[in-house]
$ cat start.cif   # mmCIF, C-alpha atoms
data_entry
#
loop_
_atom_site.label_atom_id
_atom_site.label_comp_id
_atom_site.auth_asym_id
_atom_site.auth_seq_id
_atom_site.Cartn_x
_atom_site.Cartn_y
_atom_site.Cartn_z
CA MET A 2 126.08 -4.00 -76.09
CA LYS A 3 126.56 -6.89 -73.70
CA LYS A 4 130.07 -7.89 -72.62
CA ILE A 5 131.62 -11.22 -71.58
CA GLU A 6 131.69 -11.60 -67.80
CA ALA A 7 133.01 -15.18 -67.63
CA ILE A 8 133.97 -18.16 -69.77
CA LEU A 9 132.46 -21.38 -68.40
CA ARG A 10 133.98 -24.76 -69.23
CA SER A 11 134.59 -28.18 -67.76
CA ASP A 12 137.33 -30.71 -68.51
CA ALA A 13 135.69 -33.27 -66.21
CA ALA A 14 133.60 -35.76 -68.16
CA HIS A 15 131.29 -38.35 -66.64
CA TRP A 16 128.69 -40.83 -67.82
CA VAL A 17 124.98 -40.46 -67.09
CA GLY A 18 123.86 -44.06 -67.19
CA ASP A 19 125.58 -45.82 -70.08
CA GLY A 20 124.22 -43.62 -72.85
CA PHE A 21 125.30 -40.05 -72.19
CA PRO A 22 128.99 -39.01 -72.02
CA VAL A 23 128.53 -35.62 -70.36
CA ARG A 24 130.47 -32.47 -69.50
CA SER A 25 128.56 -30.18 -67.12
CA LEU A 26 129.56 -26.73 -68.39
CA PHE A 27 127.81 -25.06 -65.47
CA THR A 28 125.72 -26.14 -62.47
CA TYR A 29 123.68 -24.46 -59.75
CA ARG A 30 126.32 -25.51 -57.22
CA ALA A 31 128.56 -22.60 -58.23
CA ASN A 32 127.55 -18.95 -58.66
CA ALA A 33 123.84 -19.78 -58.78
CA ALA A 34 122.70 -16.14 -58.64
CA ALA A 35 124.75 -15.20 -61.71
CA ILE A 36 123.19 -17.91 -63.89
CA SER A 37 119.58 -17.73 -62.61
CA PRO A 38 117.08 -18.85 -63.85
CA PHE A 39 119.34 -21.47 -65.44
CA LEU A 40 120.48 -24.35 -63.22
CA LEU A 41 122.63 -26.71 -65.27
CA PHE A 42 123.97 -27.27 -68.77
CA ASP A 43 125.15 -30.72 -69.82
CA TYR A 44 126.92 -31.26 -73.15
CA ALA A 45 126.77 -34.93 -74.17
CA GLY A 46 129.22 -35.79 -76.92
CA PRO A 47 130.32 -35.57 -79.56
CA TRP A 48 130.69 -39.33 -79.33
CA HIS A 49 130.53 -42.33 -81.64
CA PHE A 50 128.58 -45.36 -80.45
CA GLU A 51 129.18 -48.77 -81.98
CA PRO A 52 126.15 -50.78 -83.08
CA GLY A 53 124.58 -52.64 -80.16
CA THR A 54 122.63 -55.85 -79.92
CA GLY A 55 121.62 -55.72 -76.26
CA ALA A 56 119.54 -53.40 -74.10
CA THR A 57 119.10 -49.77 -75.12
CA ARG A 58 121.66 -47.42 -73.61
CA GLY A 59 120.59 -44.62 -71.28
CA VAL A 60 119.53 -43.78 -67.75
CA GLY A 61 116.67 -45.40 -65.86
CA GLU A 62 113.77 -43.92 -63.95
CA HIS A 63 114.66 -40.99 -61.68
CA PRO A 64 112.76 -38.05 -60.13
CA HIS A 65 112.74 -34.28 -60.79
CA LYS A 66 110.76 -31.48 -59.16
CA GLY A 67 110.46 -27.71 -59.40
CA PHE A 68 112.26 -27.02 -62.71
CA GLU A 69 112.26 -27.82 -66.42
CA THR A 70 114.60 -29.97 -68.51
CA VAL A 71 115.23 -28.99 -72.13
CA THR A 72 116.89 -31.67 -74.28
CA ILE A 73 118.12 -30.83 -77.79
CA VAL A 74 119.46 -33.56 -80.09
CA TYR A 75 122.03 -32.76 -82.79
CA ASP A 76 123.12 -36.31 -83.72
CA GLY A 77 121.52 -39.61 -82.77
CA GLU A 78 118.11 -40.25 -81.23
CA VAL A 79 116.80 -39.97 -77.65
CA SER A 80 113.65 -41.59 -76.27
CA HIS A 81 111.84 -40.31 -73.18
CA ARG A 82 109.10 -41.71 -70.95
CA ASP A 83 107.65 -40.17 -67.79
CA SER A 84 105.04 -40.71 -65.10
CA THR A 85 102.54 -38.31 -66.73
CA GLY A 86 102.32 -40.61 -69.74
CA GLY A 87 104.40 -38.18 -71.80
CA GLY A 88 107.20 -39.34 -74.01
CA GLY A 89 108.47 -40.11 -77.44
CA THR A 90 111.61 -40.14 -79.55
CA ILE A 91 113.43 -37.11 -80.93
CA GLY A 92 116.17 -36.96 -83.53
CA PRO A 93 118.49 -34.32 -84.97
CA GLY A 94 117.10 -30.80 -84.64
CA GLU A 95 114.32 -31.80 -82.25
CA VAL A 96 113.61 -30.89 -78.64
CA GLN A 97 111.99 -32.36 -75.52
CA TRP A 98 110.80 -29.76 -73.01
CA MET A 99 109.74 -31.41 -69.75
CA THR A 100 108.22 -29.43 -66.90
CA ALA A 101 108.85 -31.35 -63.67
CA GLY A 102 106.68 -28.95 -61.64
CA SER A 103 105.13 -30.69 -58.63
CA GLY A 104 107.13 -33.83 -59.39
CA VAL A 105 107.74 -36.38 -62.11
CA LEU A 106 109.58 -39.66 -62.68
CA HIS A 107 111.21 -40.10 -66.07
CA GLU A 108 113.75 -42.11 -67.98
CA GLU A 109 115.90 -41.31 -71.02
CA PHE A 110 117.44 -43.80 -73.45
CA HIS A 111 118.80 -44.02 -76.95
CA SER A 112 116.05 -45.08 -79.32
CA PRO A 113 116.02 -48.81 -80.14
CA GLY A 114 116.88 -47.98 -83.75
CA PHE A 115 119.91 -45.85 -82.86
CA THR A 116 121.06 -48.50 -80.37
CA GLN A 117 121.14 -51.05 -83.19
CA THR A 118 122.78 -48.88 -85.84
CA GLY A 119 125.11 -46.81 -83.64
CA GLY A 120 126.76 -43.73 -85.08
CA PRO A 121 127.59 -40.15 -84.05
CA PHE A 122 125.86 -38.78 -80.98
CA ARG A 123 125.59 -35.20 -79.73
CA MET A 124 122.94 -33.63 -77.48
CA VAL A 125 122.59 -31.01 -74.78
CA GLN A 126 120.36 -30.66 -71.76
CA LEU A 127 119.54 -27.34 -70.10
CA TRP A 128 117.76 -27.08 -66.74
CA VAL A 129 115.57 -24.00 -66.24
CA ASN A 130 114.28 -23.08 -62.79
CA LEU A 131 110.55 -22.48 -62.37
CA PRO A 132 109.33 -19.22 -60.82
CA ALA A 133 108.29 -19.64 -57.16
CA LYS A 134 104.59 -19.31 -58.06
CA ASP A 135 104.87 -22.18 -60.57
CA LYS A 136 106.93 -24.66 -58.54
CA LEU A 137 103.92 -26.92 -57.95
CA THR A 138 102.45 -26.68 -61.43
CA PRO A 139 101.38 -30.08 -62.81
CA ALA A 140 104.13 -31.88 -64.69
CA ARG A 141 103.92 -31.85 -68.49
CA TYR A 142 105.89 -32.86 -71.57
CA GLN A 143 106.35 -31.03 -74.88
CA ALA A 144 107.77 -32.76 -77.94
CA ILE A 145 109.02 -30.06 -80.31
CA THR A 146 109.63 -31.59 -83.72
CA HIS A 147 111.90 -30.21 -86.42
CA ASP A 148 109.04 -29.07 -88.65
CA THR A 149 107.51 -26.85 -85.94
CA ILE A 150 110.68 -24.79 -85.30
CA PRO A 151 110.93 -21.72 -87.55
CA GLU A 152 114.26 -21.22 -89.31
CA ILE A 153 115.33 -17.78 -90.51
CA ALA A 154 118.27 -16.33 -92.40
CA ILE A 155 120.54 -14.05 -90.37
CA GLU A 156 123.77 -12.24 -91.19
CA GLY A 157 126.20 -14.94 -92.34
CA GLY A 158 124.09 -17.89 -91.29
CA ARG A 159 120.75 -19.09 -90.00
CA ALA A 160 118.86 -19.41 -86.74
CA ARG A 161 116.17 -21.79 -85.52
CA ILE A 162 113.87 -20.25 -82.91
CA ILE A 163 113.04 -22.91 -80.31
CA ALA A 164 111.62 -20.56 -77.68
CA GLY A 165 110.95 -16.86 -77.33
CA ASP A 166 111.39 -14.34 -80.12
CA TYR A 167 114.00 -13.36 -82.69
CA LEU A 168 113.03 -10.10 -84.44
CA GLY A 169 109.37 -11.08 -84.59
CA ASN A 170 109.91 -14.79 -85.26
CA THR A 171 108.41 -16.82 -82.40
CA GLY A 172 109.42 -20.28 -81.23
CA PRO A 173 106.91 -23.06 -80.43
CA ALA A 174 108.00 -23.88 -76.86
CA GLU A 175 105.57 -22.90 -74.11
CA THR A 176 107.59 -21.63 -71.15
CA PHE A 177 106.96 -20.37 -67.64
CA THR A 178 110.11 -18.23 -67.54
CA PRO A 179 110.58 -15.64 -70.32
CA ILE A 180 113.38 -17.23 -72.33
CA ASN A 181 114.84 -16.99 -75.82
CA LEU A 182 116.44 -20.22 -77.04
CA TRP A 183 118.05 -20.08 -80.49
CA ASP A 184 119.94 -22.77 -82.43
CA VAL A 185 122.37 -20.71 -84.55
CA ARG A 186 124.75 -21.75 -87.35
CA LEU A 187 127.31 -19.25 -88.67
CA ASP A 188 129.48 -19.49 -91.76
CA ALA A 189 133.23 -18.87 -91.57
CA ASP A 190 134.07 -15.17 -91.11
CA ALA A 191 130.44 -14.21 -90.52
CA GLU A 192 129.78 -11.29 -88.20
CA VAL A 193 126.35 -10.99 -86.63
CA THR A 194 124.74 -8.90 -83.92
CA LEU A 195 122.38 -11.11 -81.94
CA PRO A 196 119.37 -9.10 -80.64
CA LEU A 197 119.64 -9.99 -76.95
CA PRO A 198 117.35 -8.17 -74.49
CA ASP A 199 118.64 -5.81 -71.80
CA GLY A 200 118.20 -7.29 -68.32
CA HIS A 201 118.25 -10.95 -69.36
CA THR A 202 120.72 -13.50 -68.02
CA THR A 203 122.46 -14.40 -71.26
CA MET A 204 124.83 -17.16 -72.35
CA ILE A 205 126.28 -18.26 -75.69
CA VAL A 206 127.20 -21.94 -75.87
CA LEU A 207 129.79 -23.02 -78.47
CA LEU A 208 128.94 -26.53 -79.60
CA ALA A 209 131.37 -26.55 -82.53
CA GLY A 210 133.83 -24.06 -83.97
CA HIS A 211 135.19 -20.84 -82.49
CA VAL A 212 133.94 -17.26 -82.18
CA THR A 213 135.31 -13.93 -81.05
CA ILE A 214 133.18 -11.73 -78.82
CA GLY A 215 134.52 -8.33 -77.82
CA GLY A 216 138.09 -9.43 -78.57
CA ALA A 217 137.82 -12.63 -76.49
CA GLY A 218 137.85 -16.08 -78.05
CA VAL A 219 135.30 -18.76 -77.17
CA GLY A 220 135.86 -22.33 -78.33
CA GLU A 221 134.07 -25.65 -78.53
CA ALA A 222 132.35 -26.81 -75.32
CA GLU A 223 132.70 -23.35 -73.73
CA ILE A 224 130.03 -20.90 -72.64
CA ALA A 225 130.34 -17.13 -72.72
CA ARG A 226 128.30 -15.71 -69.84
CA LEU A 227 127.39 -12.18 -70.82
CA SER A 228 126.42 -9.13 -68.80
CA THR A 229 122.73 -8.62 -68.05
CA ASP A 230 123.15 -4.94 -68.94
CA GLY A 231 123.15 -3.92 -72.58
CA GLU A 232 121.20 -4.89 -75.68
CA GLY A 233 122.64 -7.31 -78.23
CA VAL A 234 126.10 -8.74 -78.72
CA SER A 235 128.42 -8.84 -81.72
CA VAL A 236 129.75 -12.29 -82.64
CA LYS A 237 132.42 -13.08 -85.25
CA ALA A 238 132.73 -16.66 -86.44
CA ASP A 239 136.33 -17.79 -86.90
CA GLY A 240 135.20 -20.79 -88.95
CA ASN A 241 131.96 -22.69 -89.47
CA THR A 242 130.29 -22.48 -86.09
CA MET A 243 127.38 -24.05 -84.22
CA LEU A 244 126.12 -22.24 -81.15
CA LEU A 245 123.14 -22.09 -78.83
#
$ encode --input "start.cif" --output "structure tokens"
Amino acid sequence: MKKIEAILRSDAAHWVGDGFPVRSLFTYRANAAAISPFLLFDYAGPWHFEPGTGATRGVGEHPHKGFETVTIVYDGEVSHRDSTGGGGTIGPGEVQWMTAGSGVLHEEFHSPGFTQTGGPFRMVQLWVNLPAKDKLTPARYQAITHDTIPEIAIEGGRARIIAGDYLGNTGPAETFTPINLWDVRLDADAEVTLPLPDGHTTMIVLLAGHVTIGGAGVGEAEIARLSTDGEGVSVKADGNTMLL
């Protein structure tokens, strides 16, 4: 079984543009080898936006190169546009997977509809490094809608398979790096063994609630970085829990 090697958290919040109140729970600037191939994890929200009548909130055009950005929306709506012509709007339960590759310019905003209505907002963005051989791959954009993500029952809850495999259930994301990405909800007092592969860099992100892993508690907006050695990990939910 895998064991907790570190708890990652950040109390320092900052705004990305005027639309994303972010805590960077880890970045490549610290302990990059231990988190490879992951580079950054931003947790935006939870936040409540008032209805707006002006310009859409967000962050304007900016460049990326050599990695992928994975945006998952839990509350609210996010619109994307990039220099490949890719883009669209995603809402709760949906994902944008952008491969920057040889280089791309993109922008991210609240959708016009969400800007007008306001309401609760919660999203995350994960950066995944590209293997050296794929650094200059052409940029591309994948919109992964709610209806394309398989959802399965697990012990004491359910899991949506965004990428990779969960006991034979395969996610729709096309990736360059072998990666399992699961959106998991656990009921109070549930105990589940997640089938994590030996040798993988592995993290469990708590988006809401609290879990106990190997006797250690992990709370909201914290990440348990697990050992690469060992297969699987046992997780006990200490209440209704949302994790990634």
$ resolve_selection --input "start.cif" --expression "the PyMOL selection byres ((chain A and resi 177-184) around 6)" --output "PyMOL selection string"
chain A and resi 160-165+176+185+245
$ write_last_selection --input "start.cif" --atoms "C-alpha atoms" --output "PDB file, in the coordinates of the input"
ATOM      1  CA  ALA A 160     118.860 -19.410 -86.740  1.00  0.00           C
ATOM      2  CA  ARG A 161     116.170 -21.790 -85.520  1.00  0.00           C
ATOM      3  CA  ILE A 162     113.870 -20.250 -82.910  1.00  0.00           C
ATOM      4  CA  ILE A 163     113.040 -22.910 -80.310  1.00  0.00           C
ATOM      5  CA  ALA A 164     111.620 -20.560 -77.680  1.00  0.00           C
ATOM      6  CA  GLY A 165     110.950 -16.860 -77.330  1.00  0.00           C
ATOM      7  CA  THR A 176     107.590 -21.630 -71.150  1.00  0.00           C
ATOM      8  CA  VAL A 185     122.370 -20.710 -84.550  1.00  0.00           C
ATOM      9  CA  LEU A 245     123.140 -22.090 -78.830  1.00  0.00           C
TER      10      LEU A 245
END
$ resolve_selection --input "start.cif" --expression "the PyMOL selection byres ((chain A and resi 136) around 10)" --output "short mmCIF file (atom, residue, chain, number, x, y, z; two decimals) with C-alpha atoms, in the frame of the given file"
data_model
loop_
_atom_site.label_atom_id
_atom_site.label_comp_id
_atom_site.auth_asym_id
_atom_site.auth_seq_id
_atom_site.Cartn_x
_atom_site.Cartn_y
_atom_site.Cartn_z
CA LYS A 66 110.76 -31.48 -59.16
CA GLY A 67 110.46 -27.71 -59.40
CA PHE A 68 112.26 -27.02 -62.71
CA THR A 100 108.22 -29.43 -66.90
CA ALA A 101 108.85 -31.35 -63.67
CA GLY A 102 106.68 -28.95 -61.64
CA SER A 103 105.13 -30.69 -58.63
CA GLY A 104 107.13 -33.83 -59.39
CA ASN A 130 114.28 -23.08 -62.79
CA LEU A 131 110.55 -22.48 -62.37
CA PRO A 132 109.33 -19.22 -60.82
CA ALA A 133 108.29 -19.64 -57.16
CA LYS A 134 104.59 -19.31 -58.06
CA ASP A 135 104.87 -22.18 -60.57
CA LEU A 137 103.92 -26.92 -57.95
CA THR A 138 102.45 -26.68 -61.43
CA PRO A 139 101.38 -30.08 -62.81
CA ALA A 140 104.13 -31.88 -64.69
#
$ residues_around --input "start.cif" --residues "A:Thr202" --least-positions-apart "6" --cutoff "8 Å" --atoms "all atoms listed in the file" --output "number ranges by chain"
A: 35-38, 227-229
$ residues_around --input "start.cif" --residues "A:Ile205" --least-positions-apart "4" --cutoff "9 Å" --atoms "all atoms listed in the file" --output "PyMOL selection string"
chain A and resi 223-227+244-245
$ residues_around --input "start.cif" --residues "stretch 12-22 of chain A" --least-positions-apart "3" --cutoff "6 Å" --atoms "all atoms listed in the file" --output "list in words"
Ala45, Gly46, Arg58, Gly59 and Val60 of chain A
$ closest_residue --input "start.cif" --among "A:Gly215, A:Met99, A:His107, A:Phe39" --to "A:Ser84" --atoms "all atoms listed in the file"
A:His107
$ resolve_selection --input "start.cif" --expression "the PyMOL selection byres ((chain A and resi 24) around 6)" --output "PyMOL selection string"
chain A and resi 14+23+25-26+43-44
$ closest_residue --input "start.cif" --among "A:Val206, A:Val219, A:Ala189, A:Ile8" --to "A:Asp239" --atoms "only C-alpha atoms"
A:Ala189
$ closest_residue --input "start.cif" --among "A:Val96, A:Val125, A:Met204, A:Ala56" --to "A:His147" --atoms "only C-alpha atoms"
A:Val96
$ closest_residue --input "start.cif" --among "A:Gly158, A:Pro198, A:Pro93, A:Pro52" --to "A:Thr118" --atoms "all atoms listed in the file"
A:Pro52
$ closest_residue --input "start.cif" --among "A:Pro47, A:Pro64, A:Gly119, A:Pro173" --to "A:Gln97" --atoms "only C-alpha atoms"
A:Pro173
$ closest_residue --input "start.cif" --among "A:Val71, A:Ser80, A:Met124, A:Gly88" --to "A:Ala174" --atoms "all atoms listed in the file"
A:Val71
$ residues_around --input "start.cif" --residues "A:Gly87" --least-positions-apart "2" --cutoff "9 Å" --atoms "all atoms listed in the file" --output "MDAnalysis selection string"
chainID A and resid 81:85 89 99 141:144
$ atom_distance --input "start.cif" --atom1 "atom CA of A:Thr146" --atom2 "atom CA of A:Gly210"
25.3 Å
$ residues_around --input "start.cif" --residues "A:Ile91" --least-positions-apart "2" --cutoff "6 Å" --atoms "all atoms listed in the file" --output "list in words"
Glu78, Val79 and Glu95 of chain A
$ write_last_selection --input "start.cif" --atoms "C-alpha atoms" --output "PDB file, in the coordinates of the input"
ATOM      1  CA  GLU A  78     118.110 -40.250 -81.230  1.00  0.00           C
ATOM      2  CA  VAL A  79     116.800 -39.970 -77.650  1.00  0.00           C
ATOM      3  CA  GLU A  95     114.320 -31.800 -82.250  1.00  0.00           C
TER       4      GLU A  95
END
$ atom_distance --input "start.cif" --atom1 "atom CA of A:Lys3" --atom2 "atom CA of A:Ile155"
19.1 Å
$ atom_distance --input "start.cif" --atom1 "atom CA of A:Glu232" --atom2 "atom CA of A:His211"
22.3 Å
$ build_atoms --input "start.cif" --residues "stretch 90-120 of chain A" --atoms "N, CA and C atoms" --output "PDB file, in the coordinates of the input"
ATOM      1  N   THR A  90     110.236 -40.103 -79.057  1.00  0.00           N
ATOM      2  CA  THR A  90     111.610 -40.140 -79.550  1.00  0.00           C
ATOM      3  C   THR A  90     111.870 -38.892 -80.374  1.00  0.00           C
ATOM      4  N   ILE A  91     113.029 -38.255 -80.124  1.00  0.00           N
ATOM      5  CA  ILE A  91     113.430 -37.110 -80.930  1.00  0.00           C
ATOM      6  C   ILE A  91     114.773 -37.400 -81.596  1.00  0.00           C
ATOM      7  N   GLY A  92     114.935 -36.811 -82.778  1.00  0.00           N
ATOM      8  CA  GLY A  92     116.170 -36.960 -83.530  1.00  0.00           C
ATOM      9  C   GLY A  92     116.813 -35.619 -83.789  1.00  0.00           C
ATOM     10  N   PRO A  93     117.754 -35.549 -84.723  1.00  0.00           N
ATOM     11  CA  PRO A  93     118.490 -34.320 -84.970  1.00  0.00           C
ATOM     12  C   PRO A  93     117.579 -33.111 -85.212  1.00  0.00           C
ATOM     13  N   GLY A  94     117.859 -32.029 -84.496  1.00  0.00           N
ATOM     14  CA  GLY A  94     117.100 -30.800 -84.640  1.00  0.00           C
ATOM     15  C   GLY A  94     115.834 -30.733 -83.822  1.00  0.00           C
ATOM     16  N   GLU A  95     115.578 -31.758 -83.007  1.00  0.00           N
ATOM     17  CA  GLU A  95     114.320 -31.800 -82.250  1.00  0.00           C
ATOM     18  C   GLU A  95     114.580 -31.638 -80.755  1.00  0.00           C
ATOM     19  N   VAL A  96     113.490 -31.336 -80.024  1.00  0.00           N
ATOM     20  CA  VAL A  96     113.610 -30.890 -78.640  1.00  0.00           C
ATOM     21  C   VAL A  96     112.548 -31.564 -77.774  1.00  0.00           C
ATOM     22  N   GLN A  97     112.943 -31.950 -76.561  1.00  0.00           N
ATOM     23  CA  GLN A  97     111.990 -32.360 -75.520  1.00  0.00           C
ATOM     24  C   GLN A  97     112.040 -31.320 -74.415  1.00  0.00           C
ATOM     25  N   TRP A  98     110.877 -30.785 -74.066  1.00  0.00           N
ATOM     26  CA  TRP A  98     110.800 -29.760 -73.010  1.00  0.00           C
ATOM     27  C   TRP A  98     109.899 -30.329 -71.917  1.00  0.00           C
ATOM     28  N   MET A  99     110.501 -30.790 -70.826  1.00  0.00           N
ATOM     29  CA  MET A  99     109.740 -31.410 -69.750  1.00  0.00           C
ATOM     30  C   MET A  99     109.666 -30.486 -68.553  1.00  0.00           C
ATOM     31  N   THR A 100     108.450 -30.209 -68.108  1.00  0.00           N
ATOM     32  CA  THR A 100     108.220 -29.430 -66.900  1.00  0.00           C
ATOM     33  C   THR A 100     108.012 -30.395 -65.743  1.00  0.00           C
ATOM     34  N   ALA A 101     108.974 -30.439 -64.811  1.00  0.00           N
ATOM     35  CA  ALA A 101     108.850 -31.350 -63.670  1.00  0.00           C
ATOM     36  C   ALA A 101     107.787 -30.861 -62.699  1.00  0.00           C
ATOM     37  N   GLY A 102     107.719 -29.532 -62.479  1.00  0.00           N
ATOM     38  CA  GLY A 102     106.680 -28.950 -61.640  1.00  0.00           C
ATOM     39  C   GLY A 102     106.570 -29.631 -60.290  1.00  0.00           C
ATOM     40  N   SER A 103     105.379 -30.104 -59.946  1.00  0.00           N
ATOM     41  CA  SER A 103     105.130 -30.690 -58.630  1.00  0.00           C
ATOM     42  C   SER A 103     105.812 -32.040 -58.440  1.00  0.00           C
ATOM     43  N   GLY A 104     106.376 -32.592 -59.504  1.00  0.00           N
ATOM     44  CA  GLY A 104     107.130 -33.830 -59.390  1.00  0.00           C
ATOM     45  C   GLY A 104     106.845 -34.788 -60.522  1.00  0.00           C
ATOM     46  N   VAL A 105     107.900 -35.441 -61.011  1.00  0.00           N
ATOM     47  CA  VAL A 105     107.740 -36.380 -62.110  1.00  0.00           C
ATOM     48  C   VAL A 105     108.855 -37.420 -62.022  1.00  0.00           C
ATOM     49  N   LEU A 106     108.567 -38.625 -62.471  1.00  0.00           N
ATOM     50  CA  LEU A 106     109.580 -39.660 -62.680  1.00  0.00           C
ATOM     51  C   LEU A 106     109.756 -39.822 -64.180  1.00  0.00           C
ATOM     52  N   HIS A 107     111.021 -39.881 -64.637  1.00  0.00           N
ATOM     53  CA  HIS A 107     111.210 -40.100 -66.070  1.00  0.00           C
ATOM     54  C   HIS A 107     112.475 -40.894 -66.327  1.00  0.00           C
ATOM     55  N   GLU A 108     112.575 -41.370 -67.550  1.00  0.00           N
ATOM     56  CA  GLU A 108     113.750 -42.110 -67.980  1.00  0.00           C
ATOM     57  C   GLU A 108     114.109 -41.670 -69.389  1.00  0.00           C
ATOM     58  N   GLU A 109     115.404 -41.756 -69.727  1.00  0.00           N
ATOM     59  CA  GLU A 109     115.900 -41.310 -71.020  1.00  0.00           C
ATOM     60  C   GLU A 109     116.862 -42.357 -71.569  1.00  0.00           C
ATOM     61  N   PHE A 110     116.625 -42.764 -72.811  1.00  0.00           N
ATOM     62  CA  PHE A 110     117.440 -43.800 -73.450  1.00  0.00           C
ATOM     63  C   PHE A 110     117.677 -43.434 -74.906  1.00  0.00           C
ATOM     64  N   HIS A 111     118.701 -44.036 -75.503  1.00  0.00           N
ATOM     65  CA  HIS A 111     118.800 -44.020 -76.950  1.00  0.00           C
ATOM     66  C   HIS A 111     117.567 -44.745 -77.510  1.00  0.00           C
ATOM     67  N   SER A 112     117.154 -44.353 -78.694  1.00  0.00           N
ATOM     68  CA  SER A 112     116.050 -45.080 -79.320  1.00  0.00           C
ATOM     69  C   SER A 112     116.523 -46.499 -79.656  1.00  0.00           C
ATOM     70  N   PRO A 113     115.609 -47.458 -79.737  1.00  0.00           N
ATOM     71  CA  PRO A 113     116.020 -48.810 -80.140  1.00  0.00           C
ATOM     72  C   PRO A 113     116.725 -48.822 -81.491  1.00  0.00           C
ATOM     73  N   GLY A 114     116.246 -47.998 -82.434  1.00  0.00           N
ATOM     74  CA  GLY A 114     116.880 -47.980 -83.750  1.00  0.00           C
ATOM     75  C   GLY A 114     118.302 -47.484 -83.703  1.00  0.00           C
ATOM     76  N   PHE A 115     118.543 -46.377 -82.945  1.00  0.00           N
ATOM     77  CA  PHE A 115     119.910 -45.850 -82.860  1.00  0.00           C
ATOM     78  C   PHE A 115     120.812 -46.815 -82.091  1.00  0.00           C
ATOM     79  N   THR A 116     120.258 -47.508 -81.096  1.00  0.00           N
ATOM     80  CA  THR A 116     121.060 -48.500 -80.370  1.00  0.00           C
ATOM     81  C   THR A 116     121.576 -49.559 -81.335  1.00  0.00           C
ATOM     82  N   GLN A 117     120.742 -49.995 -82.260  1.00  0.00           N
ATOM     83  CA  GLN A 117     121.140 -51.050 -83.190  1.00  0.00           C
ATOM     84  C   GLN A 117     122.130 -50.556 -84.238  1.00  0.00           C
ATOM     85  N   THR A 118     121.921 -49.351 -84.748  1.00  0.00           N
ATOM     86  CA  THR A 118     122.780 -48.880 -85.840  1.00  0.00           C
ATOM     87  C   THR A 118     124.057 -48.216 -85.331  1.00  0.00           C
ATOM     88  N   GLY A 119     123.992 -47.597 -84.125  1.00  0.00           N
ATOM     89  CA  GLY A 119     125.110 -46.810 -83.640  1.00  0.00           C
ATOM     90  C   GLY A 119     125.328 -45.592 -84.523  1.00  0.00           C
ATOM     91  N   GLY A 120     126.450 -44.900 -84.278  1.00  0.00           N
ATOM     92  CA  GLY A 120     126.760 -43.730 -85.080  1.00  0.00           C
ATOM     93  C   GLY A 120     127.102 -42.534 -84.210  1.00  0.00           C
TER      94      GLY A 120
END
